[in-house]
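Okay, target.txt now, which holds compact mmCIF, C-alpha atoms:
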# COMPACT_ATOMS: atom_id res chain seq x y z
CA MET O 1 -20.69 10.63 -49.28
CA CYS O 2 -17.86 13.07 -49.89
CA ARG O 3 -17.15 15.30 -52.87
CA GLY O 4 -13.49 15.85 -53.57
CA PHE O 5 -11.30 17.82 -55.93
CA VAL O 6 -7.78 19.13 -56.42
CA ILE O 7 -6.94 22.82 -56.79
CA ALA O 8 -3.91 23.14 -59.06
CA GLY O 9 -2.08 26.11 -60.49
CA THR O 10 -0.40 27.00 -63.74
CA HIS O 11 2.68 28.00 -61.72
CA SER O 12 3.79 29.08 -58.27
CA GLY O 13 2.43 32.53 -57.52
CA CYS O 14 -0.71 32.24 -59.66
CA GLY O 15 -2.97 32.58 -56.61
CA LYS O 16 -3.54 28.88 -55.96
CA SER O 17 -3.13 29.17 -52.17
CA SER O 18 -5.47 32.17 -51.93
CA VAL O 19 -8.13 30.39 -54.00
CA SER O 20 -7.71 27.19 -51.97
CA LEU O 21 -8.07 28.98 -48.64
CA GLY O 22 -10.99 31.07 -49.89
CA LEU O 23 -12.86 28.01 -51.15
CA MET O 24 -12.14 26.03 -48.00
CA LYS O 25 -13.40 28.82 -45.76
CA ALA O 26 -16.43 29.51 -47.98
CA LEU O 27 -17.44 25.84 -47.85
CA ALA O 28 -16.84 25.66 -44.10
CA ARG O 29 -19.02 28.77 -43.58
CA LYS O 30 -21.80 26.95 -45.39
CA GLY O 31 -21.69 24.23 -42.76
CA ARG O 32 -19.70 21.71 -44.78
CA ALA O 33 -17.21 19.42 -43.04
CA VAL O 34 -14.15 20.27 -45.13
CA GLN O 35 -11.11 17.99 -44.95
CA PRO O 36 -8.02 19.76 -46.32
CA PHE O 37 -4.97 18.14 -47.87
CA LYS O 38 -1.72 19.54 -49.25
CA CYS O 39 0.34 18.09 -52.07
CA GLY O 40 4.06 18.38 -51.55
CA PRO O 41 6.47 19.05 -48.68
CA ASP O 42 4.89 22.11 -47.12
CA PHE O 43 4.10 23.07 -43.53
CA ILE O 44 2.79 26.61 -43.83
CA ASP O 45 -0.15 26.01 -46.18
CA PRO O 46 -1.50 23.14 -44.04
CA GLY O 47 -1.46 25.42 -41.01
CA HIS O 48 -3.66 27.91 -42.85
CA HIS O 49 -5.91 25.09 -44.07
CA ALA O 50 -6.50 24.01 -40.48
CA ARG O 51 -7.45 27.55 -39.46
CA ALA O 52 -9.84 27.89 -42.41
CA CYS O 53 -11.48 24.46 -42.04
CA GLY O 54 -11.18 23.61 -38.36
CA ARG O 55 -9.57 20.25 -39.20
CA PRO O 56 -5.89 19.25 -39.45
CA SER O 57 -4.54 19.32 -43.00
CA VAL O 58 -2.66 16.24 -44.19
CA THR O 59 0.36 16.17 -46.51
CA LEU O 60 0.29 13.81 -49.50
CA ASP O 61 3.44 13.42 -51.59
CA GLY O 62 4.21 10.88 -54.31
CA TRP O 63 7.97 11.05 -53.70
CA MET O 64 8.20 11.09 -49.91
CA GLN O 65 5.42 8.50 -49.54
CA ASP O 66 4.92 5.20 -51.32
CA PRO O 67 2.06 5.99 -53.75
CA SER O 68 0.30 2.79 -52.68
CA ILE O 69 -0.41 4.16 -49.20
CA ILE O 70 -1.72 7.56 -50.34
CA PRO O 71 -5.33 6.42 -50.99
CA GLU O 72 -5.45 4.92 -47.49
CA ILE O 73 -4.21 8.13 -45.85
CA PHE O 74 -6.72 10.12 -47.91
CA ALA O 75 -9.65 7.83 -47.08
CA ARG O 76 -8.86 7.76 -43.37
CA ARG O 77 -9.12 11.53 -43.15
CA ALA O 78 -11.97 12.06 -45.64
CA VAL O 79 -14.31 9.33 -44.40
CA ASP O 80 -16.26 11.67 -42.07
CA ALA O 81 -16.03 14.80 -44.27
CA SER O 82 -18.54 16.11 -46.80
CA VAL O 83 -15.88 17.82 -48.92
CA ALA O 84 -12.20 16.96 -49.47
CA VAL O 85 -10.06 19.74 -50.94
CA VAL O 86 -6.48 19.07 -52.01
CA GLU O 87 -4.23 22.07 -52.63
CA GLY O 88 -1.56 21.30 -55.21
CA VAL O 89 2.09 22.25 -55.29
CA MET O 90 3.84 24.59 -57.77
CA GLY O 91 2.40 24.14 -61.28
CA LEU O 92 0.08 21.22 -62.05
CA TYR O 93 2.79 19.08 -63.65
CA ASP O 94 5.79 20.19 -61.56
CA GLY O 95 7.34 17.63 -59.23
CA ALA O 96 10.64 15.97 -58.42
CA SER O 97 11.75 15.75 -62.04
CA GLY O 98 11.41 17.43 -65.40
CA SER O 99 10.89 14.09 -67.13
CA ASP O 100 8.22 12.35 -65.07
CA GLU O 101 5.25 13.10 -62.82
CA VAL O 102 6.60 11.88 -59.47
CA GLY O 103 5.80 14.30 -56.65
CA SER O 104 3.50 16.43 -58.80
CA THR O 105 -0.08 17.53 -58.31
CA ALA O 106 -0.94 15.68 -61.53
CA GLN O 107 0.40 12.41 -60.12
CA LEU O 108 -1.60 12.88 -56.92
CA ALA O 109 -4.83 13.65 -58.81
CA LYS O 110 -4.38 10.43 -60.79
CA ILE O 111 -3.58 8.34 -57.70
CA LEU O 112 -6.74 9.60 -55.97
CA ASN O 113 -8.86 9.73 -59.15
CA LEU O 114 -9.91 13.29 -58.34
CA PRO O 115 -10.93 16.06 -60.77
CA VAL O 116 -8.70 19.11 -61.05
CA VAL O 117 -9.71 22.77 -60.84
CA LEU O 118 -6.98 24.79 -62.52
CA VAL O 119 -6.14 28.31 -61.30
CA ALA O 120 -4.65 30.54 -64.00
CA ASP O 121 -3.16 34.01 -63.53
CA VAL O 122 -4.61 35.85 -66.55
CA ARG O 123 -3.22 39.28 -65.80
CA SER O 124 -2.29 41.00 -69.10
CA MET O 125 -3.75 38.15 -71.19
CA ALA O 126 -6.96 37.57 -73.16
CA ARG O 127 -7.11 34.96 -75.95
CA SER O 128 -3.60 33.82 -75.07
CA ALA O 129 -4.99 32.58 -71.75
CA ALA O 130 -7.02 29.98 -73.65
CA ALA O 131 -3.88 28.75 -75.37
CA LEU O 132 -2.12 28.50 -72.03
CA VAL O 133 -4.95 26.64 -70.29
CA SER O 134 -5.48 24.35 -73.29
CA GLY O 135 -1.91 23.18 -72.87
CA TYR O 136 -2.56 22.15 -69.29
CA VAL O 137 -5.87 20.46 -70.17
CA ASN O 138 -4.37 18.40 -73.00
CA PHE O 139 -0.84 17.72 -71.73
CA ASP O 140 -1.81 14.48 -69.95
CA PRO O 141 -5.13 12.81 -70.87
CA GLY O 142 -5.02 10.94 -67.56
CA VAL O 143 -5.50 14.20 -65.63
CA ASN O 144 -9.15 15.30 -65.48
CA VAL O 145 -9.09 19.11 -65.57
CA VAL O 146 -12.79 19.98 -65.19
CA GLY O 147 -12.41 23.71 -65.63
CA VAL O 148 -10.46 26.84 -64.87
CA VAL O 149 -10.67 29.63 -62.31
CA LEU O 150 -9.36 32.82 -63.89
CA ASN O 151 -7.47 34.90 -61.34
CA ARG O 152 -6.47 38.59 -61.39
CA VAL O 153 -9.14 39.63 -63.88
CA GLY O 154 -8.77 43.36 -64.44
CA SER O 155 -12.24 44.52 -65.54
CA ALA O 156 -15.65 43.46 -66.86
CA ASN O 157 -14.39 43.82 -70.41
CA HIS O 158 -11.34 41.69 -69.60
CA GLU O 159 -13.65 39.01 -68.21
CA ASP O 160 -15.81 39.06 -71.37
CA LEU O 161 -12.75 38.55 -73.56
CA LEU O 162 -11.48 35.72 -71.38
CA ARG O 163 -14.83 33.92 -71.27
CA GLU O 164 -15.16 34.24 -75.05
CA ALA O 165 -11.68 32.77 -75.55
CA MET O 166 -12.27 29.89 -73.15
CA ASP O 167 -15.65 29.12 -74.70
CA THR O 168 -14.07 28.95 -78.15
CA ALA O 169 -11.45 26.53 -76.79
CA GLY O 170 -14.13 24.42 -75.07
CA ILE O 171 -12.81 25.04 -71.56
CA PRO O 172 -15.38 25.52 -68.77
CA VAL O 173 -14.84 28.68 -66.73
CA LEU O 174 -15.59 27.93 -63.08
CA GLY O 175 -15.05 31.47 -61.88
CA CYS O 176 -13.42 34.86 -62.47
CA LEU O 177 -11.64 36.49 -59.55
CA ASP O 178 -10.86 40.18 -59.51
CA ARG O 179 -7.37 41.51 -59.02
CA ASP O 180 -7.06 42.25 -55.30
CA GLU O 181 -3.49 42.05 -54.05
CA ASP O 182 -4.46 43.28 -50.57
CA ILE O 183 -6.26 40.11 -49.48
CA ALA O 184 -3.49 37.54 -49.97
CA VAL O 185 -1.66 36.13 -46.96
CA PRO O 186 1.72 37.93 -46.77
CA SER O 187 4.82 35.87 -47.50
CA ARG O 188 8.43 35.72 -46.35
CA HIS O 189 11.35 33.33 -46.75
CA LEU O 190 10.14 29.70 -46.69
CA GLY O 191 6.67 30.77 -47.88
CA LEU O 192 3.61 32.47 -46.46
CA ARG O 193 3.41 33.86 -42.97
CA THR O 194 2.33 31.10 -40.61
CA ALA O 195 -1.26 30.54 -39.53
CA GLU O 196 -0.27 31.34 -35.94
CA GLU O 197 0.38 34.94 -37.03
CA GLU O 198 -2.91 35.54 -38.86
CA ASP O 199 -6.27 36.67 -37.51
CA GLU O 200 -9.47 34.90 -38.50
CA GLY O 201 -10.49 37.86 -40.65
CA VAL O 202 -7.92 36.90 -43.31
CA TYR O 203 -9.81 33.71 -44.12
CA ASP O 204 -13.19 35.43 -44.18
CA ARG O 205 -11.86 38.08 -46.57
CA LEU O 206 -10.53 35.35 -48.86
CA ALA O 207 -13.88 33.56 -48.72
CA ASP O 208 -15.73 36.79 -49.56
CA TRP O 209 -13.41 37.33 -52.53
CA VAL O 210 -13.95 33.79 -53.79
CA GLU O 211 -17.72 34.02 -53.41
CA ARG O 212 -17.76 37.22 -55.49
CA GLY O 213 -16.24 35.41 -58.44
CA ILE O 214 -17.18 31.75 -58.07
CA ASP O 215 -20.53 30.00 -57.69
CA VAL O 216 -19.23 27.83 -54.85
CA ASP O 217 -22.31 25.60 -54.65
CA GLY O 218 -22.33 25.21 -58.43
CA LEU O 219 -18.65 24.29 -58.48
CA LEU O 220 -19.21 21.67 -55.80
CA GLU O 221 -22.12 20.14 -57.70
CA ARG O 222 -19.79 19.49 -60.62
CA MET O 223 -17.59 17.28 -58.47
CA PRO O 224 -18.30 13.55 -58.23
CA GLU O 225 -19.38 12.04 -54.95
CA ARG O 226 -17.14 9.46 -53.34
CA SER O 227 -17.91 7.00 -50.60
CA PHE O 228 -15.25 5.60 -48.32
CA ALA O 229 -15.35 2.43 -46.32
CA PRO O 230 -13.88 3.08 -42.89
CA VAL O 231 -10.15 2.39 -43.04
CA GLU O 232 -9.20 -0.22 -40.51
CA ASP O 233 -6.64 1.25 -38.17
CA VAL O 234 -5.04 -0.31 -35.16
CA GLU O 235 -6.36 1.29 -32.01
CA PRO O 236 -3.60 3.26 -30.29
CA PRO O 237 -2.34 1.35 -27.28
CA ALA O 238 -2.39 2.82 -23.84
CA PRO O 239 0.45 5.38 -23.95
CA SER O 240 3.71 3.96 -22.70
CA VAL O 241 5.80 7.13 -23.05
CA ARG O 242 5.30 10.88 -22.89
CA ILE O 243 6.88 12.88 -25.71
CA GLY O 244 7.04 16.65 -25.41
CA VAL O 245 6.28 18.39 -28.73
CA ALA O 246 7.45 22.01 -29.12
CA ARG O 247 4.42 23.93 -30.39
CA ASP O 248 4.22 27.73 -30.57
CA GLU O 249 4.83 30.61 -32.98
CA ALA O 250 8.49 29.64 -33.40
CA PHE O 251 8.01 25.87 -33.80
CA CYS O 252 4.99 24.80 -35.82
CA PHE O 253 6.24 22.64 -38.71
CA TYR O 254 4.94 19.10 -38.20
CA TYR O 255 3.40 16.59 -40.59
CA ALA O 256 0.04 15.48 -39.19
CA GLU O 257 0.84 11.86 -40.09
CA ASN O 258 4.07 11.97 -38.06
CA LEU O 259 2.11 12.86 -34.94
CA ARG O 260 -0.61 10.26 -35.67
CA MET O 261 2.01 7.55 -36.15
CA LEU O 262 3.72 8.44 -32.87
CA ARG O 263 0.40 8.10 -31.05
CA LEU O 264 -0.19 4.78 -32.81
CA ALA O 265 3.24 3.61 -31.62
CA GLY O 266 2.27 4.27 -28.01
CA ALA O 267 3.21 7.89 -27.36
CA GLU O 268 1.26 10.48 -25.43
CA LEU O 269 2.11 13.79 -27.07
CA VAL O 270 2.38 16.74 -24.70
CA ASP O 271 2.69 20.21 -26.20
CA PHE O 272 5.07 22.73 -24.69
CA SER O 273 6.33 26.15 -25.74
CA PRO O 274 10.04 27.02 -25.81
CA LEU O 275 8.88 30.63 -26.17
CA HIS O 276 6.37 30.95 -23.35
CA ASP O 277 6.83 28.08 -20.88
CA LYS O 278 9.49 28.31 -18.21
CA ARG O 279 9.68 24.56 -17.56
CA LEU O 280 9.36 21.39 -19.55
CA PRO O 281 6.20 19.39 -18.82
CA PRO O 282 6.75 16.79 -16.05
CA ASN O 283 7.69 13.16 -16.62
CA LEU O 284 8.73 13.42 -20.26
CA ASP O 285 10.56 10.54 -21.91
CA ALA O 286 11.53 12.31 -25.15
CA LEU O 287 11.33 15.64 -27.00
CA TYR O 288 10.30 16.30 -30.60
CA ILE O 289 11.28 19.81 -31.71
CA GLY O 290 10.08 20.55 -35.23
CA GLY O 291 10.87 23.37 -37.58
CA GLY O 292 9.45 26.83 -37.87
CA TYR O 293 10.82 30.34 -37.57
CA PRO O 294 13.10 30.48 -34.51
CA GLU O 295 15.05 33.22 -36.32
CA LEU O 296 12.07 35.57 -35.88
CA TYR O 297 12.00 34.92 -32.13
CA GLY O 298 15.72 34.72 -31.37
CA PHE O 299 15.56 37.37 -28.64
CA GLU O 300 12.56 35.79 -26.91
CA LEU O 301 14.01 32.28 -27.10
CA GLY O 302 17.32 33.56 -25.78
CA GLN O 303 15.64 35.36 -22.89
CA ASN O 304 13.88 32.17 -21.79
CA SER O 305 17.06 30.84 -20.21
CA ARG O 306 15.33 28.48 -17.82
CA MET O 307 13.70 26.54 -20.66
CA ARG O 308 16.98 26.44 -22.58
CA LYS O 309 18.79 25.04 -19.57
CA GLU O 310 16.11 22.41 -19.00
CA VAL O 311 16.31 21.24 -22.63
CA ARG O 312 20.11 21.02 -22.41
CA ALA O 313 19.93 19.13 -19.12
CA PHE O 314 17.39 16.73 -20.63
CA SER O 315 19.88 15.97 -23.41
CA GLU O 316 22.88 15.65 -21.08
CA LYS O 317 20.99 13.07 -18.99
CA GLY O 318 20.49 10.96 -22.11
CA GLY O 319 16.86 11.79 -22.81
CA ALA O 320 15.89 11.10 -26.42
CA ILE O 321 15.49 14.26 -28.51
CA TYR O 322 14.66 14.49 -32.20
CA ALA O 323 14.96 17.97 -33.73
CA GLU O 324 14.42 19.14 -37.32
CA CYS O 325 15.61 22.34 -39.02
CA GLY O 326 14.39 25.17 -36.76
CA GLY O 327 14.41 22.76 -33.83
CA PHE O 328 17.99 21.81 -34.69
CA MET O 329 18.93 25.50 -34.73
CA TYR O 330 17.38 25.89 -31.27
CA LEU O 331 19.68 23.17 -29.93
CA MET O 332 22.87 24.88 -31.19
CA ASN O 333 25.03 27.21 -29.10
CA ASP O 334 23.57 30.39 -30.52
CA LEU O 335 21.68 31.91 -33.44
CA VAL O 336 22.80 34.91 -35.48
CA THR O 337 20.18 36.99 -37.27
CA GLU O 338 19.97 40.58 -38.52
CA ARG O 339 18.67 41.46 -35.04
CA GLY O 340 21.78 40.15 -33.31
CA ARG O 341 23.30 37.07 -31.72
CA PHE O 342 21.13 35.06 -29.33
CA ALA O 343 21.97 32.21 -26.98
CA MET O 344 20.24 28.91 -27.71
CA CYS O 345 20.33 25.60 -25.82
CA GLY O 346 23.98 24.69 -26.38
CA VAL O 347 23.50 20.97 -27.03
CA PHE O 348 25.37 21.12 -30.35
CA PRO O 349 28.65 23.11 -30.18
CA VAL O 350 28.04 25.14 -33.34
CA ARG O 351 26.31 28.37 -34.34
CA ALA O 352 23.40 28.86 -36.76
CA ALA O 353 23.58 31.98 -38.92
CA MET O 354 20.84 33.35 -41.18
CA ASN O 355 21.73 34.11 -44.81
CA ASP O 356 20.17 36.43 -47.36
CA ARG O 357 19.83 33.58 -49.84
CA ARG O 358 18.52 30.08 -49.26
CA LYS O 359 21.13 27.43 -48.47
CA ALA O 360 19.19 24.29 -49.40
CA LEU O 361 15.99 23.27 -51.18
CA GLY O 362 14.91 19.83 -52.33
CA TYR O 363 13.90 16.26 -51.60
CA ARG O 364 16.25 14.13 -49.51
CA GLU O 365 16.65 10.44 -48.79
CA ILE O 366 18.63 9.52 -45.72
CA THR O 367 20.24 6.28 -44.62
CA VAL O 368 21.14 6.03 -40.94
CA LEU O 369 24.78 5.01 -40.31
CA LYS O 370 24.74 4.71 -36.51
CA ASP O 371 22.20 3.80 -33.85
CA CYS O 372 20.05 6.85 -33.07
CA PRO O 373 16.54 7.71 -31.86
CA LEU O 374 15.12 7.03 -35.35
CA GLY O 375 16.57 3.55 -35.72
CA PRO O 376 19.60 1.33 -36.28
CA PRO O 377 22.13 1.53 -39.12
CA GLY O 378 20.48 0.91 -42.47
CA THR O 379 17.23 2.71 -41.61
CA VAL O 380 16.08 4.61 -44.72
CA ALA O 381 13.60 7.49 -44.85
CA ARG O 382 12.61 10.32 -47.14
CA GLY O 383 11.95 13.99 -46.51
CA HIS O 384 12.69 17.51 -47.66
CA GLU O 385 15.17 20.28 -46.89
CA PHE O 386 14.50 24.02 -47.18
CA HIS O 387 16.30 26.63 -45.12
CA TYR O 388 18.11 29.94 -45.18
CA SER O 389 20.37 29.33 -42.20
CA SER O 390 23.61 27.42 -42.09
CA ILE O 391 26.06 26.10 -39.54
CA GLU O 392 28.62 28.87 -39.06
CA THR O 393 31.83 26.93 -38.79
CA ALA O 394 34.61 25.97 -41.18
CA PHE O 395 34.44 22.37 -39.97
CA LEU O 396 32.30 20.18 -37.76
CA PRO O 397 33.86 19.21 -34.43
CA ASP O 398 34.64 15.55 -33.71
CA SER O 399 32.02 15.67 -30.98
CA MET O 400 29.34 16.23 -33.63
CA PRO O 401 29.48 13.33 -36.13
CA ALA O 402 27.13 13.22 -39.10
CA ILE O 403 25.25 9.92 -39.08
CA TYR O 404 23.09 10.26 -42.22
CA ALA O 405 24.19 9.29 -45.71
CA THR O 406 22.08 11.85 -47.54
CA VAL O 407 21.20 11.97 -51.24
CA ASP O 408 18.93 14.19 -53.30
CA ARG O 409 16.13 13.08 -55.64
CA LYS O 410 18.72 12.10 -58.30
CA GLY O 411 20.78 10.03 -55.87
CA ASN O 412 23.59 12.58 -55.63
CA ALA O 413 25.27 13.16 -52.28
CA ALA O 414 23.60 16.06 -50.49
CA GLY O 415 26.00 17.08 -47.74
CA CYS O 416 26.52 16.20 -44.08
CA GLU O 417 23.31 15.65 -42.15
CA GLY O 418 22.00 13.94 -39.03
CA PHE O 419 24.10 15.00 -36.03
CA LEU O 420 24.13 12.94 -32.86
CA ILE O 421 25.20 14.03 -29.38
CA ASN O 422 24.20 12.06 -26.26
CA ASN O 423 20.83 10.67 -27.40
CA THR O 424 19.94 13.87 -29.28
CA LEU O 425 19.52 13.78 -33.06
CA GLY O 426 19.40 17.04 -35.01
CA SER O 427 19.14 17.65 -38.75
CA TYR O 428 18.05 20.22 -41.32
CA VAL O 429 16.02 17.49 -43.10
CA HIS O 430 12.29 17.26 -42.34
CA LEU O 431 11.46 13.54 -42.52
CA HIS O 432 8.01 12.18 -43.33
CA PHE O 433 7.42 9.18 -41.08
CA ALA O 434 5.05 7.62 -43.65
CA SER O 435 8.14 7.06 -45.82
CA ASN O 436 9.19 4.49 -43.21
CA PRO O 437 6.61 3.63 -40.50
CA ASP O 438 9.40 2.16 -38.34
CA LEU O 439 10.64 5.69 -37.54
CA ALA O 440 7.79 6.34 -35.12
CA GLU O 441 8.27 2.93 -33.49
CA HIS O 442 11.99 3.58 -33.06
CA LEU O 443 11.47 7.05 -31.55
CA VAL O 444 8.98 5.65 -29.04
CA ALA O 445 11.39 2.82 -28.22
CA ALA O 446 14.18 5.37 -27.70
CA ALA O 447 11.88 7.26 -25.34
CA ARG O 448 11.34 4.09 -23.32
CA GLY O 449 15.11 3.87 -22.90
Could you write out this structure as structure tokens?
Amino acid sequence: MCRGFVIAGTHSGCGKSSVSLGLMKALARKGRAVQPFKCGPDFIDPGHHARACGRPSVTLDGWMQDPSIIPEIFARRAVDASVAVVEGVMGLYDGASGSDEVGSTAQLAKILNLPVVLVADVRSMARSAAALVSGYVNFDPGVNVVGVVLNRVGSANHEDLLREAMDTAGIPVLGCLDRDEDIAVPSRHLGLRTAEEEDEGVYDRLADWVERGIDVDGLLERMPERSFAPVEDVEPPAPSVRIGVARDEAFCFYYAENLRMLRLAGAELVDFSPLHDKRLPPNLDALYIGGGYPELYGFELGQNSRMRKEVRAFSEKGGAIYAECGGFMYLMNDLVTERGRFAMCGVFPVRAAMNDRRKALGYREITVLKDCPLGPPGTVARGHEFHYSSIETAFLPDSMPAIYATVDRKGNAAGCEGFLINNTLGSYVHLHFASNPDLAEHLVAAARG
């Protein structure tokens, strides 16, 4: 049996991630097998979830994924857990649109039939907080908000006022957390600092903070138990190809389902580090270079010239490479940051330059226009784009054709994307392979050659 719930917020920045990580770690410290999930297109939060729980966190998204497959993905991961915790995205009802629930935490809670714990930032509020929370509780009767965690409570008197207001409104208070800005995970562009940069003490401090203000065992007892029949899954075949996956401090943005689906398609995944390794692993058939923060490690990546040369040679020999966002930047000629200009792999004859303001943010649907490692013309997939860098050139050279027809969530054209050189495909769009299971099959087939 597994107890599950969703942690939602009134808005981005209300403390939802801190509460989620603190609860996950507190439950894990009590010996619970905690399976984390993340609503929405995020890579950084799942990395922290994995550190706090000791299990990979899985992304669930009602826009990138067909809602019909979400319960199956959830059940497959939760079947051997005692607690399933889903961290929401933005505010409870925020998603791909202002007029419907698609892509929102509320939609996901309804799909999974899970209760919602709402986190509210009550700084500088008393009775007004009850009015705010009442709006969330009553906005959609199909969303089961079981109570509220009041965050950034300033004093004992403040807590008394808040509890009185919530009691009058008939809203259960599940906890009151004191204002402590020093314990939150620091953030930067794209979100929080990555899990690879944090020490274990961060998660313990968050758990201590949560346990001071929340009866964790009592909260869990309020959540319904769920049982899951084992989800039938095809046994992965004996690996037929070896795919090198760039994994280190600079490249750490991967959806767990993408990697699972590649294994299921017959790939052996071999981690390597463009930062620390001098050579690619032997006998690779393809490379998968995900996103991350190469801009923070431009000097170190540039200094590792032997690895850069090996990646370029792999591409020039026709080896299949799929690179997203930060991985795409790594394959360009060079990278310009506030620290300077740094040589990259030189597969794509353009330069990536960091900007002070973000260049793109939003859902994307792509249609492939030319044969590539992800499939033939007509292949459709969904993903997300979020970056501060841009290609520093007034035009794209003829040697670098764009092979995606890309649209945003409204169906509007969303710029040139999907660049193909040799058998190397690079793009700023992070695709979720569950949006089209054929993507993994195609990438493995491209690796076979």
Do you have, as CSV, the list of residues of stretch 250-340 of chain O lying at most 10 Å from stretch 361-373 of chain O, each with its nearest atom pair and that distance in Å to one decimal, counting all atoms listed in the file and ordered by chain then number?
residue,atom,partner,partner_atom,distance
O:Ala286,CA,O:Pro373,CA,9.6
O:Gly319,CA,O:Pro373,CA,9.9
O:Ala320,CA,O:Pro373,CA,6.4
O:Ile321,CA,O:Pro373,CA,7.4
O:Tyr322,CA,O:Pro373,CA,7.0
- Message: Excluding stretch 435-438 of chain O and its own-chain neighbours fewer than 6 positions away, which residues fall within 9 Å of it when counting all atoms listed in the file? Please give them as an MDAnalysis selection string.
- Response: chainID O and resid 63:66 261 374:375 379:383
Per residue of stretch 182-255 of chain O within 12 Å of stretch 301-317 of chain O, note the shortest atom pair and the distance in Å to one decimal, counting only C-alpha atoms, and order the rows by chain and increasing residue number, as a Markdown table.
| residue | atom | partner | partner_atom | distance |
| --- | --- | --- | --- | --- |
| O:Gly244 | CA | O:Val311 | CA | 10.7 |
| O:Ala246 | CA | O:Val311 | CA | 11.0 |
| O:Asp248 | CA | O:Leu301 | CA | 11.3 |
| O:Glu249 | CA | O:Leu301 | CA | 11.0 |
| O:Ala250 | CA | O:Leu301 | CA | 8.8 |
| O:Phe251 | CA | O:Leu301 | CA | 11.0 |
- Show which residues sit within 10 Å of O:Ala50, as a PyMOL selection string. Count all atoms listed in the file, and ignore same-chain residues fewer than 4 positions away. chain O and resi 21+24-25+34-37+45-46+54-58+195
- Task: Please check which residues have atoms at most 10 Å from (22.1, 15.3, -34.6) in the file's coordinates, counting all atoms listed in the file, and write them as a list in words.
- Result: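 Those residues, ordered by chain and then number, are Ile321, Tyr322, Ala323, Glu324, Phe328, Leu331, Val347, Phe348, Cys372, Pro373, Met400, Pro401, Ala402, Ile403, Tyr404, Glu417, Gly418, Phe419, Leu420, Ile421, Asn422, Asn423, Thr424, Leu425, Gly426, Ser427 and Tyr428 of chain O.
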- Task: Please return, as number ranges by chain, all polymer residues that have at least one atom within 12 Å of the point (-11.9, 38.8, -51.1); use only C-alpha atoms and the file's own coordinate frame.
- Result: O: 18-19, 21-23, 25-26, 151-152, 177-185, 201-214
- Message: Quick check, in Å to one decimal: how far apart do atom CA of O:Val148 and atom CA of O:Leu162 lie?
- Response: 11.1 Å
- Pick from O:Gln107, O:Pro274, O:Ala28, O:His48: nearest to O:Glu200, with all atoms listed in the file counted?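 Ranked by minimum distance to O:Glu200, first place goes to O:His48.
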- Query: Which residue, O:His158, O:Gly298, O:Ala109, O:Glu197, has the smallest gap to O:Arg51 when you use only C-alpha atoms?
  - Reply: O:Glu197
- Task: Take atom CA of O:Gly4 and atom CA of O:Val85 and report the distance between them in Å, one decimal.
- Result: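 Atom CA of O:Val85 lies 5.8 Å from atom CA of O:Gly4.
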- Nearest to O:Leu114 by atom-to-atom distance, counting all atoms listed in the file, from O:Gly142, O:Gly449, O:Gly62, O:Pro41: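 Of O:Gly142, O:Gly449, O:Gly62, O:Pro41, the one nearest O:Leu114, counting all atoms listed in the file, is O:Gly142.
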- Message: Let me make sure I understand: among O:Phe433, O:Tyr297, O:Phe5, O:Phe139, which one has the smallest atom-to-atom distance to O:Val116 if we use all atoms listed in the file?
- Response: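 Residue with the minimum atom-to-atom distance to O:Val116: O:Phe5.
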- Task: Give me the residues within 8 Å of O:Val173 as a list in words, counting all atoms listed in the file and dropping any in the same chain fewer than 6 places off.
- Result: Gly147, Val148, Val149, Leu150, Arg163 and Met166 of chain O
- Message: When you look at O:Val145 with a cut-off of 9 Å (counting all atoms listed in the file), what residues show up, excluding the ones that are within fewer than 2 positions of it in the same chain? I need them as a list in words.
- Response: Pro115, Val116, Val117, Leu118, Tyr136, Val137, Asn138, Val143, Gly147 and Val148 of chain O
- Task: Excluding O:Met1 and residues on its chain fewer than 3 positions from it, collect all residues at most 10 Å away from it, counting all atoms listed in the file, and give them as an MDAnalysis selection string.
- Result: chainID O and resid 4 78:83 224:228
- Find the distance between atom CA of O:Phe299 and atom CA of O:Asp277 and write it in Å to one decimal.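 Atom CA of O:Asp277 lies 14.9 Å from atom CA of O:Phe299.
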